[in-house]
Amino acid sequence: MGAYYRKIDTHLERLKSKYREIAMASFTKHTLPDYKQHSDVLEDMVIKLYSKGVTTREIADLIEKMSGSHYSAGQVSNISKQMVPKIEVYHKRSLSDKFFCVYLDATYLPLRRQTFEREAVYIAIGIKPNGRQEVIDYCIVPNENIEVWTEILQNMKSRGLKQVELFLSDGVVGMKQALVEAYPKAHFQRCLVHVMRNICAKVRVDDREAVMNDFKQIHQQTNKANAVKILHDFYAKWGKLYSHVVRNLKAIEADMLVFYNYP
């Protein structure tokens with residue numbers, strides 16, 4: 001009767017177990033399943049770190065310091081692939097129809113494919129009437145464009161989100177029309193943070209603080225009538241110096257103060 005040894009990495013250290021070979025016997029090991037080299041606790045740790053955005057190389061270094069076991073970035077990547085089925089289920093789950101307002105935005109993050117490239121991460125965050133926030137969905141594509149947003153909106157509707165009271169988004173071309181087609185009864189609020197960024201990019205550095213202080217007063221009023229007055233005062237004060245900025249603001253004025261219609 002011979003014996004063989006197996007090694008298993010745990011969150012504490014690398015263990016070496018001895019198994020005896022038994023001829024003509026059929027049994028199942030419950031302590032360590034066949035071919036498994038990593039404990040469930042260690043694998044869960046890898047997956048959680050990966051889901052938080054820690055890189056595979058950083059995870060490998062952390063695991064080596066904690067347990068003394070060397071992991072290559074490739075091994076960490078293979079373990080983290082266990083997340084793939086869960087992600088697919090997440091993207092196909094049924095959605096609640098209780099979201100009062102939905103934020104739509106995209107941000108560019110460096111992602112590794114063949115090389116490191118910045119790609120657009122689209123994200124939809126919903127807020128329910130009780131104030132609870134939830135990530136409704138997300139997707140990753142090379143660039144932001146309205147075709148992707150249209151697909152996301154239609155997908156949200158087909159999965160159960162039939163109506164939304166208010167959408168908030170930046171000024172990506174075609175967004176309002178896409179919202180009208182998917183949710184014709186919804187209202188649209190232009191994101192004022194994006195508006196302020198656009199203004200900053202078009203005024204002189206010496207004027208930015210004063211311009212921003214005046215513009216911020218627009219969304220700090222107690223009612224919509226006061227906000228409209230402050231906005232028109234802004235036009236009058238800065239219109240001669242920055243006519244193109246004021247012209248652009250007038251074009252989207254109807255979308256900037258929609259939030260005042262709500263408590």
# chains A, B, ... in the order shown; residues from 1 in each chain; ligands from 1
$ select_by_dssp --residues "range 8-251 of chain A" --states "strand (DSSP E)" --output "ChimeraX atom specification"
/A:8-9,14-20,101-112,116-127,133-141,166-169,187-190
$ residues_around --residues "range 202-207 of chain A" --least-positions-apart "3" --cutoff "8 Å" --atoms "only C-alpha atoms" --output "ChimeraX atom specification"
/A:198-199,210-211,242,245
$ write_last_selection --atoms "C-alpha atoms" --output "CSV table (one decimal), in the first residue's frame"
chain,number,residue,atom,x,y,z
A,198,ASN,CA,-18.4,72.7,-19.1
A,199,ILE,CA,-18.6,76.3,-17.9
A,210,ALA,CA,-16.6,84.2,-9.4
A,211,VAL,CA,-18.6,82.6,-12.2
A,242,TYR,CA,-19.0,84.9,-22.2
A,245,VAL,CA,-21.6,80.2,-22.3
$ closest_residue --among "A:Leu109, A:Ala227, A:Leu179, A:Ile140" --to "Asn261 in chain A" --atoms "only C-alpha atoms"
A:Ala227
$ closest_residue --among "A:Glu151, A:Ile123, A:Asp214, A:Asn223" --to "Pro263 in chain A" --atoms "only C-alpha atoms"
A:Asn223
$ closest_residue --among "A:Lys229, A:Arg247, A:Lys224, A:Lys237" --to "Phe259 in chain A" --atoms "only C-alpha atoms"
A:Lys224
$ select_by_dssp --residues "range 17-240 of chain A" --states "alpha helix (DSSP H)" --output "NGL selection string"
:A and (40-51 or 56-67 or 73-80 or 83-92 or 146-158 or 175-182 or 192-200 or 205-216 or 224-238)
$ write_last_selection --atoms "C-alpha atoms" --output "compact mmCIF listing (two decimals), in the first residue's frame"
# COMPACT_ATOMS: atom_id res chain seq x y z
CA ASP A 40 -12.72 27.94 -0.04
CA VAL A 41 -11.81 30.71 2.42
CA LEU A 42 -8.76 31.67 0.37
CA GLU A 43 -10.67 31.57 -2.91
CA ASP A 44 -13.45 33.71 -1.43
CA MET A 45 -10.84 36.20 -0.29
CA VAL A 46 -9.37 36.38 -3.80
CA ILE A 47 -12.82 36.92 -5.32
CA LYS A 48 -13.76 39.65 -2.82
CA LEU A 49 -10.50 41.51 -3.37
CA TYR A 50 -10.93 41.23 -7.14
CA SER A 51 -14.50 42.54 -6.93
CA THR A 56 -4.49 40.34 -9.87
CA ARG A 57 -0.83 41.12 -9.25
CA GLU A 58 -1.62 43.01 -6.04
CA ILE A 59 -3.81 40.14 -4.85
CA ALA A 60 -1.02 37.65 -5.56
CA ASP A 61 1.40 39.72 -3.47
CA LEU A 62 -1.09 39.97 -0.60
CA ILE A 63 -1.78 36.24 -0.58
CA GLU A 64 1.95 35.48 -0.52
CA LYS A 65 2.50 37.79 2.45
CA MET A 66 -0.48 36.36 4.35
CA SER A 67 -0.06 32.62 3.77
CA ALA A 73 -1.38 36.80 -11.50
CA GLY A 74 -2.69 34.11 -13.86
CA GLN A 75 -3.75 31.85 -10.97
CA VAL A 76 -5.56 34.73 -9.31
CA SER A 77 -7.25 35.51 -12.61
CA ASN A 78 -8.44 31.90 -12.96
CA ILE A 79 -9.93 31.95 -9.44
CA SER A 80 -11.63 35.29 -10.05
CA MET A 83 -17.41 35.63 -10.66
CA VAL A 84 -18.42 35.40 -14.33
CA PRO A 85 -21.61 33.29 -13.83
CA LYS A 86 -22.68 35.57 -10.98
CA ILE A 87 -22.18 38.64 -13.17
CA GLU A 88 -24.30 37.08 -15.93
CA VAL A 89 -27.10 36.37 -13.44
CA TYR A 90 -26.84 39.96 -12.16
CA HIS A 91 -27.29 41.42 -15.65
CA LYS A 92 -30.35 39.24 -16.29
CA ILE A 146 -26.15 57.09 -27.40
CA GLU A 147 -26.62 53.69 -29.06
CA VAL A 148 -25.35 51.95 -25.93
CA TRP A 149 -27.51 54.10 -23.66
CA THR A 150 -30.55 53.29 -25.81
CA GLU A 151 -29.83 49.58 -25.46
CA ILE A 152 -29.40 49.91 -21.68
CA LEU A 153 -32.70 51.77 -21.32
CA GLN A 154 -34.62 49.25 -23.40
CA ASN A 155 -33.03 46.40 -21.46
CA MET A 156 -34.04 47.99 -18.14
CA LYS A 157 -37.62 48.28 -19.33
CA SER A 158 -37.79 44.70 -20.58
CA MET A 175 -30.13 61.21 -24.50
CA LYS A 176 -33.43 63.07 -24.24
CA GLN A 177 -34.81 61.39 -27.34
CA ALA A 178 -33.70 57.97 -26.10
CA LEU A 179 -35.49 58.62 -22.81
CA VAL A 180 -38.65 59.74 -24.60
CA GLU A 181 -38.69 56.53 -26.63
CA ALA A 182 -38.11 54.22 -23.64
CA LEU A 192 -25.55 70.49 -12.96
CA VAL A 193 -22.13 69.11 -12.03
CA HIS A 194 -21.50 68.39 -15.70
CA VAL A 195 -22.88 71.81 -16.63
CA MET A 196 -20.45 73.49 -14.21
CA ARG A 197 -17.53 71.52 -15.62
CA ASN A 198 -18.43 72.70 -19.11
CA ILE A 199 -18.63 76.31 -17.93
CA CYS A 200 -15.23 76.05 -16.20
CA VAL A 205 -9.02 81.00 -15.05
CA ASP A 206 -9.17 84.37 -13.29
CA ASP A 207 -12.99 84.43 -13.61
CA ARG A 208 -13.75 80.82 -12.69
CA GLU A 209 -14.28 81.30 -8.97
CA ALA A 210 -16.64 84.23 -9.40
CA VAL A 211 -18.57 82.56 -12.24
CA MET A 212 -18.94 79.32 -10.28
CA ASN A 213 -20.05 81.09 -7.10
CA ASP A 214 -22.77 82.87 -9.06
CA PHE A 215 -23.89 79.73 -10.88
CA LYS A 216 -24.06 77.63 -7.70
CA LYS A 224 -38.09 77.46 -8.71
CA ALA A 225 -39.18 81.10 -9.18
CA ASN A 226 -36.16 82.33 -7.22
CA ALA A 227 -33.88 79.98 -9.13
CA VAL A 228 -35.13 81.31 -12.49
CA LYS A 229 -34.47 84.89 -11.34
CA ILE A 230 -30.93 84.02 -10.23
CA LEU A 231 -30.29 82.26 -13.54
CA HIS A 232 -31.44 85.27 -15.56
CA ASP A 233 -29.30 87.54 -13.38
CA PHE A 234 -26.38 85.25 -14.26
CA TYR A 235 -27.15 85.74 -17.97
CA ALA A 236 -27.17 89.51 -17.57
CA LYS A 237 -23.95 89.65 -15.55
CA TRP A 238 -21.80 87.36 -17.68
$ closest_residue --among "A:Arg118, A:Lys98, A:Lys81, A:Lys185" --to "Gln133 in chain A" --atoms "only C-alpha atoms"
A:Lys98
$ closest_residue --among "A:Glu253, A:Glu119, A:Asp105, A:Asp170" --to "Asn143 in chain A" --atoms "only C-alpha atoms"
A:Glu119
$ closest_residue --among "A:Thr55, A:Gly174, A:His219, A:Ser96" --to "Pro110 in chain A" --atoms "only C-alpha atoms"
A:Thr55
